[in-house]
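Colleague: As input, take work23.pdb (PDB, C-alpha atoms, pLDDT in the B column):
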```pdb
ATOM      1  CA  MET B   1       7.584  19.478 -16.568  1.00 62.00           C
ATOM      2  CA  GLU B   2       5.145  18.718 -13.755  1.00 84.00           C
ATOM      3  CA  ALA B   3       2.145  19.557 -15.942  1.00 88.00           C
ATOM      4  CA  VAL B   4       3.105  16.931 -18.534  1.00 89.00           C
ATOM      5  CA  ALA B   5       3.321  14.247 -15.847  1.00 92.00           C
ATOM      6  CA  ALA B   6      -0.148  15.257 -14.602  1.00 93.00           C
ATOM      7  CA  LEU B   7      -1.526  15.240 -18.158  1.00 94.00           C
ATOM      8  CA  GLN B   8      -0.038  11.776 -18.743  1.00 93.00           C
ATOM      9  CA  GLN B   9      -1.890  10.455 -15.700  1.00 94.00           C
ATOM     10  CA  ILE B  10      -5.112  12.219 -16.733  1.00 94.00           C
ATOM     11  CA  GLY B  11      -4.820  10.754 -20.237  1.00 92.00           C
ATOM     12  CA  LYS B  12      -4.166   7.285 -18.854  1.00 94.00           C
ATOM     13  CA  ILE B  13      -7.094   7.388 -16.428  1.00 94.00           C
ATOM     14  CA  LEU B  14      -9.556   8.664 -19.053  1.00 93.00           C
ATOM     15  CA  GLY B  15      -8.225   6.671 -22.022  1.00 91.00           C
ATOM     16  CA  LYS B  16      -7.157   9.833 -23.877  1.00 90.00           C
ATOM     17  CA  THR B  17      -4.927   8.376 -26.580  1.00 88.00           C
ATOM     18  CA  ASP B  18      -4.428  11.306 -28.974  1.00 87.00           C
ATOM     19  CA  TRP B  19      -2.290  13.597 -26.812  1.00 90.00           C
ATOM     20  CA  ASP B  20       1.342  13.711 -27.981  1.00 89.00           C
ATOM     21  CA  PHE B  21       3.575  13.629 -24.913  1.00 88.00           C
ATOM     22  CA  SER B  22       6.711  14.128 -27.007  1.00 89.00           C
ATOM     23  CA  VAL B  23       5.574  17.738 -27.561  1.00 87.00           C
ATOM     24  CA  ASP B  24       5.404  20.410 -24.850  1.00 88.00           C
ATOM     25  CA  PRO B  25       1.700  21.218 -24.372  1.00 90.00           C
ATOM     26  CA  CYS B  26       2.578  24.934 -24.233  1.00 89.00           C
ATOM     27  CA  SER B  27       4.675  24.926 -27.406  1.00 84.00           C
ATOM     28  CA  GLY B  28       1.766  25.694 -29.731  1.00 76.00           C
ATOM     29  CA  LYS B  29       2.676  22.655 -31.830  1.00 76.00           C
ATOM     30  CA  SER B  30       0.153  20.027 -32.797  1.00 75.00           C
ATOM     31  CA  GLY B  31      -0.469  17.092 -30.527  1.00 77.00           C
ATOM     32  CA  TRP B  32      -2.550  18.917 -27.951  1.00 84.00           C
ATOM     33  CA  MET B  33      -5.506  20.113 -30.012  1.00 78.00           C
ATOM     34  CA  THR B  34      -7.612  19.026 -32.934  1.00 76.00           C
ATOM     35  CA  LEU B  35      -7.254  21.724 -35.598  1.00 73.00           C
ATOM     36  CA  ARG B  36     -10.505  21.013 -37.449  1.00 75.00           C
ATOM     37  CA  PRO B  37     -12.636  19.112 -34.953  1.00 74.00           C
ATOM     38  CA  PRO B  38     -15.972  17.542 -35.896  1.00 78.00           C
ATOM     39  CA  LYS B  39     -19.035  19.596 -34.966  1.00 80.00           C
ATOM     40  CA  ASN B  40     -19.352  20.123 -31.202  1.00 80.00           C
ATOM     41  CA  PHE B  41     -16.168  18.099 -30.470  1.00 86.00           C
ATOM     42  CA  MET B  42     -13.276  19.803 -28.721  1.00 87.00           C
ATOM     43  CA  ASN B  43      -9.805  18.583 -27.939  1.00 86.00           C
ATOM     44  CA  GLU B  44      -7.652  21.382 -26.605  1.00 88.00           C
ATOM     45  CA  VAL B  45      -5.034  21.933 -23.947  1.00 91.00           C
ATOM     46  CA  GLY B  46      -4.162  25.603 -23.619  1.00 91.00           C
ATOM     47  CA  CYS B  47      -1.514  27.544 -21.723  1.00 93.00           C
ATOM     48  CA  ASP B  48      -0.854  31.002 -20.393  1.00 93.00           C
ATOM     49  CA  CYS B  49       2.773  32.104 -20.571  1.00 91.00           C
ATOM     50  CA  ASN B  50       4.868  35.009 -19.366  1.00 90.00           C
ATOM     51  CA  ASP B  51       8.532  35.768 -20.101  1.00 89.00           C
ATOM     52  CA  THR B  52       9.869  32.858 -18.059  1.00 89.00           C
ATOM     53  CA  VAL B  53       7.216  30.204 -17.496  1.00 89.00           C
ATOM     54  CA  CYS B  54       4.090  28.654 -18.990  1.00 91.00           C
ATOM     55  CA  HIS B  55       1.227  26.956 -17.179  1.00 91.00           C
ATOM     56  CA  VAL B  56      -1.511  24.703 -18.526  1.00 93.00           C
ATOM     57  CA  THR B  57      -4.666  26.692 -17.757  1.00 95.00           C
ATOM     58  CA  ARG B  58      -7.310  25.265 -20.098  1.00 93.00           C
ATOM     59  CA  ILE B  59      -8.529  21.789 -20.918  1.00 93.00           C
ATOM     60  CA  ASP B  60     -11.501  21.370 -23.231  1.00 92.00           C
ATOM     61  CA  LEU B  61     -12.559  17.773 -23.831  1.00 93.00           C
ATOM     62  CA  THR B  62     -16.148  18.484 -24.879  1.00 92.00           C
ATOM     63  CA  ARG B  63     -17.809  15.477 -26.534  1.00 92.00           C
ATOM     64  CA  ASN B  64     -14.768  13.200 -26.366  1.00 91.00           C
ATOM     65  CA  TYR B  65     -17.039  10.558 -24.806  1.00 91.00           C
ATOM     66  CA  LEU B  66     -14.391   9.681 -22.246  1.00 93.00           C
ATOM     67  CA  SER B  67     -15.268   7.527 -19.272  1.00 93.00           C
ATOM     68  CA  GLY B  68     -13.706   6.774 -15.937  1.00 93.00           C
ATOM     69  CA  PRO B  69     -13.102   8.388 -12.579  1.00 95.00           C
ATOM     70  CA  ILE B  70     -12.296  12.063 -12.167  1.00 92.00           C
ATOM     71  CA  PRO B  71      -8.477  12.245 -12.201  1.00 93.00           C
ATOM     72  CA  PRO B  72      -7.070  13.710  -8.966  1.00 94.00           C
ATOM     73  CA  GLU B  73      -4.103  15.036 -10.999  1.00 94.00           C
ATOM     74  CA  TRP B  74      -6.285  17.943 -12.171  1.00 92.00           C
ATOM     75  CA  GLY B  75      -5.674  19.388  -8.716  1.00 93.00           C
ATOM     76  CA  SER B  76      -1.965  19.800  -9.479  1.00 93.00           C
ATOM     77  CA  LEU B  77      -2.577  22.004 -12.542  1.00 93.00           C
ATOM     78  CA  ARG B  78      -3.251  25.753 -12.494  1.00 92.00           C
ATOM     79  CA  LEU B  79      -6.447  25.333 -14.462  1.00 94.00           C
ATOM     80  CA  VAL B  80      -8.752  28.280 -15.034  1.00 95.00           C
ATOM     81  CA  ASN B  81     -11.187  26.636 -17.479  1.00 94.00           C
ATOM     82  CA  VAL B  82     -12.181  22.993 -17.799  1.00 93.00           C
ATOM     83  CA  SER B  83     -14.903  21.761 -20.145  1.00 93.00           C
ATOM     84  CA  LEU B  84     -15.983  18.146 -19.888  1.00 92.00           C
ATOM     85  CA  MET B  85     -19.455  18.224 -21.428  1.00 92.00           C
ATOM     86  CA  SER B  86     -20.726  14.972 -22.943  1.00 93.00           C
ATOM     87  CA  ASN B  87     -18.224  12.718 -21.217  1.00 94.00           C
ATOM     88  CA  ARG B  88     -18.999   9.905 -18.812  1.00 94.00           C
ATOM     89  CA  LEU B  89     -16.921  10.675 -15.740  1.00 93.00           C
ATOM     90  CA  SER B  90     -17.932   8.818 -12.610  1.00 94.00           C
ATOM     91  CA  GLY B  91     -17.090   8.256  -8.983  1.00 94.00           C
ATOM     92  CA  PRO B  92     -16.393  10.613  -6.116  1.00 95.00           C
ATOM     93  CA  ILE B  93     -14.897  14.038  -6.617  1.00 92.00           C
ATOM     94  CA  PRO B  94     -11.260  13.753  -5.478  1.00 94.00           C
ATOM     95  CA  ALA B  95     -10.188  15.983  -2.598  1.00 95.00           C
ATOM     96  CA  GLU B  96      -7.313  17.254  -4.801  1.00 94.00           C
ATOM     97  CA  ILE B  97      -9.849  19.171  -6.902  1.00 91.00           C
ATOM     98  CA  GLY B  98     -10.021  21.561  -3.932  1.00 93.00           C
ATOM     99  CA  ASN B  99      -6.459  22.615  -4.818  1.00 92.00           C
ATOM    100  CA  MET B 100      -7.703  24.219  -8.040  1.00 91.00           C
ATOM    101  CA  ILE B 101      -7.880  27.708  -6.541  1.00 92.00           C
ATOM    102  CA  SER B 102      -7.516  29.376  -9.958  1.00 93.00           C
ATOM    103  CA  LEU B 103     -10.508  27.534 -11.464  1.00 92.00           C
ATOM    104  CA  LYS B 104     -13.195  29.900 -12.788  1.00 94.00           C
ATOM    105  CA  ASN B 105     -15.248  27.695 -15.129  1.00 91.00           C
ATOM    106  CA  MET B 106     -15.978  23.986 -15.096  1.00 87.00           C
TER     107      MET B 106
END
```
Go ahead and render the structure in this file as structure tokens.
Modeller:
Amino acid sequence: MEAVAALQQIGKILGKTDWDFSVDPCSGKSGWMTLRPPKNFMNEVGCDCNDTVCHVTRIDLTRNYLSGPIPPEWGSLRLVNVSLMSNRLSGPIPAEIGNMISLKNM
């Protein structure tokens, strides 16, 4: 799955160590969200699915206190919503972010 490869790179760049890459992020199984997160902390990867295919469309990493450059791999996902509040991302905005034509909220 192309989305998993992109998420692996995003996790590596940002130091996100609690995503479980042995589980499909669209399966609804644990490994891609914190079920009872601490106050104001979010850790969620969400998908939209139809009868034949699922796409990662949401990433919420609010208050994960991640640091590093903005991963260009986000541009390969069909993201609609991205929340990165209270993280320490730095550096230039990658040109690949311009590929996120479905993005509505960041």
Colleague: Just give me the gap between CA of Glu96 (chain B) and CA of Pro71 (chain B) in Å, one decimal is fine.
Modeller: 9.0 Å
Colleague: On this structure, the PyMOL selection byres ((chain B and resi 75) around 7) would catch which residues? List them as a PDB file with C-alpha atoms, in the coordinates of the input, sorted by chain and number.
Modeller:
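Written file, out33.pdb:
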```pdb
ATOM      1  CA  PRO B  72      -7.070  13.710  -8.966  1.00 94.00           C
ATOM      2  CA  GLU B  73      -4.103  15.036 -10.999  1.00 94.00           C
ATOM      3  CA  TRP B  74      -6.285  17.943 -12.171  1.00 92.00           C
ATOM      4  CA  SER B  76      -1.965  19.800  -9.479  1.00 93.00           C
ATOM      5  CA  LEU B  77      -2.577  22.004 -12.542  1.00 93.00           C
ATOM      6  CA  GLU B  96      -7.313  17.254  -4.801  1.00 94.00           C
ATOM      7  CA  ILE B  97      -9.849  19.171  -6.902  1.00 91.00           C
ATOM      8  CA  GLY B  98     -10.021  21.561  -3.932  1.00 93.00           C
ATOM      9  CA  ASN B  99      -6.459  22.615  -4.818  1.00 92.00           C
ATOM     10  CA  MET B 100      -7.703  24.219  -8.040  1.00 91.00           C
TER      11      MET B 100
END
```
Colleague: Could you check the closest approach to Asn43 (chain B) for each of B:Leu61, B:Val4, B:Ile70, B:Cys26 and tell me which residue wins, using all atoms listed in the file?
Modeller: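 The closest residue to Asn43 (chain B) is B:Leu61.
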Colleague: Under the rule that only C-alpha atoms are counted, which of B:Ser27, B:Val45, B:Gly68, B:Arg78 is the nearest residue to Pro92 (chain B)?
Modeller: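 The closest residue to Pro92 (chain B) is B:Gly68.
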Colleague: B:Asn105, B:Pro37, B:Gly91, B:Glu44: which is nearest Asp20 (chain B), counting only C-alpha atoms?
Modeller: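 Counting only C-alpha atoms, the residue closest to Asp20 (chain B) is B:Glu44.
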Colleague: Within 12 Å of (1.0, 29.5, -20.7) (file coordinates; only C-alpha atoms), which protein or nucleic acid residues are there? I'd like them as a list of chain:residue names.
Modeller: B:Ala3, B:Asp24, B:Pro25, B:Cys26, B:Ser27, B:Gly28, B:Val45, B:Gly46, B:Cys47, B:Asp48, B:Cys49, B:Asn50, B:Asp51, B:Thr52, B:Val53, B:Cys54, B:His55, B:Val56, B:Thr57, B:Arg58, B:Leu77, B:Arg78, B:Leu79, B:Val80
Colleague: Can you tell me, as JSON, the centre and edge lengths (Å, one decimal) of the axis-aligned box enclosing all of region 51-62 of chain B's listed atoms after padding each side by 8 Å?
Modeller:
```
{"center_x": -3.1, "center_y": 26.8, "center_z": -21.0, "size_x": 42.0, "size_y": 34.0, "size_z": 23.7}
```
Colleague: Could you spell out the hits of the PyMOL selection byres ((chain B and resi 33) around 8) on the shown file, as an MDAnalysis selection string?
Modeller: chainID B and resid 19 30:32 34:35 42:45
Colleague: Next, write the just-selected residues to a file, as a tab-separated table (two decimals), in the coordinates of the input, keeping C-alpha atoms as the atom set.
Modeller:
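Final output, saved to selection-v2.tsv:
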```tsv
chain	number	residue	atom	x	y	z
B	19	TRP	CA	-2.29	13.60	-26.81
B	30	SER	CA	0.15	20.03	-32.80
B	31	GLY	CA	-0.47	17.09	-30.53
B	32	TRP	CA	-2.55	18.92	-27.95
B	34	THR	CA	-7.61	19.03	-32.93
B	35	LEU	CA	-7.25	21.72	-35.60
B	42	MET	CA	-13.28	19.80	-28.72
B	43	ASN	CA	-9.80	18.58	-27.94
B	44	GLU	CA	-7.65	21.38	-26.60
B	45	VAL	CA	-5.03	21.93	-23.95
```
Colleague: Can you measure CA of Leu84 (chain B) to CA of Asp60 (chain B) for me? One decimal in Å is fine.
Modeller: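 Spanning CA of Leu84 (chain B) to CA of Asp60 (chain B) is a straight-line distance of 6.5 Å.
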Colleague: Can you turn the PyMOL selection byres ((chain B and resi 13) around 10) into a concrete residue list for this file, as a PDB file with C-alpha atoms, in the frame of the given file?
Modeller:
```pdb
ATOM      1  CA  LEU B   7      -1.526  15.240 -18.158  1.00 94.00           C
ATOM      2  CA  GLN B   8      -0.038  11.776 -18.743  1.00 93.00           C
ATOM      3  CA  GLN B   9      -1.890  10.455 -15.700  1.00 94.00           C
ATOM      4  CA  ILE B  10      -5.112  12.219 -16.733  1.00 94.00           C
ATOM      5  CA  GLY B  11      -4.820  10.754 -20.237  1.00 92.00           C
ATOM      6  CA  LYS B  12      -4.166   7.285 -18.854  1.00 94.00           C
ATOM      7  CA  LEU B  14      -9.556   8.664 -19.053  1.00 93.00           C
ATOM      8  CA  GLY B  15      -8.225   6.671 -22.022  1.00 91.00           C
ATOM      9  CA  LYS B  16      -7.157   9.833 -23.877  1.00 90.00           C
ATOM     10  CA  LEU B  66     -14.391   9.681 -22.246  1.00 93.00           C
ATOM     11  CA  SER B  67     -15.268   7.527 -19.272  1.00 93.00           C
ATOM     12  CA  GLY B  68     -13.706   6.774 -15.937  1.00 93.00           C
ATOM     13  CA  PRO B  69     -13.102   8.388 -12.579  1.00 95.00           C
ATOM     14  CA  ILE B  70     -12.296  12.063 -12.167  1.00 92.00           C
ATOM     15  CA  PRO B  71      -8.477  12.245 -12.201  1.00 93.00           C
ATOM     16  CA  PRO B  72      -7.070  13.710  -8.966  1.00 94.00           C
ATOM     17  CA  GLU B  73      -4.103  15.036 -10.999  1.00 94.00           C
TER      18      GLU B  73
END
```
Colleague: Of the residues B:Asn87, B:Glu2, B:Asp18, B:Asn81, which is the one nearest to Lys104 (chain B), using all atoms listed in the file?
Modeller: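 Using all atoms listed in the file, the shortest distance to Lys104 (chain B) belongs to B:Asn81.
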